[in-house]
Amino acid sequence: MTEENLINILLVEDDEVDIMNVQRAFRKNNINNPLFIARNGLEALEMLQADKIPKPHVIILDINMPKMNGLEFLQEVRSDEKLKRISVFVMTTSNEDSDKINAYNLNVAGYILKPLSFEKFIQSMSTLNSYWKLCERPSM
């Protein structure tokens with residue numbers, strides 16, 4: 001992937017093991033996109049609104065987090081004119097229909113249940129990588 005094709009990714013996740021799994025899955029799949037990490041929705045919102053990180057093209061979002069959960073964060077992102085077009089993928093352990101409905105009502109690009117095995121995690125990240133390579137995006 002050439003430098004201009006790299007996309008910034010923000011991972012909003014409070015579980016250290018899941019953060020490490022995403023990082024390991026990126027390495028196993030040779031995904032070289034810059035990965036920024038926020039450990040809850042409030043931290044992510046502050047990072048985005050204060051321009052503490054380059055604006056991400058993709059957000060990978062957990063739902064169950066302290067301080068501000070993923071759905072609350074998503075509502076804030078979708079109501080912010082500068083952020084509302086960012087592609088958001090929910091990656092969570094929540095298999096609740098209400099969470100899925102709420103997420104899709106907030107225009108998520110996908111809802112992914114966290115896989116139980118690391119091999120499935122690697123496969124999930126590979127699929128996501130193929131997806132965002134395939135998609136055309138407007139200039140930020």
# chains A, B, ... in the order shown; residues from 1 in each chain; ligands from 1
>>> closest_atom_pairs(of="range 48-113 of chain A", to="range 33-38 of chain A", cutoff="10 Å", atoms="only C-alpha atoms", output="tab-separated table")
residue	atom	partner	partner_atom	distance
A:Ile53	CA	A:Phe36	CA	7.5
A:Pro54	CA	A:Phe36	CA	9.0
A:Pro56	CA	A:Phe36	CA	8.5
A:Val58	CA	A:Leu35	CA	9.8
A:Ile59	CA	A:Phe36	CA	9.4
A:Ile60	CA	A:Ile37	CA	9.7
A:Leu61	CA	A:Ala38	CA	9.6
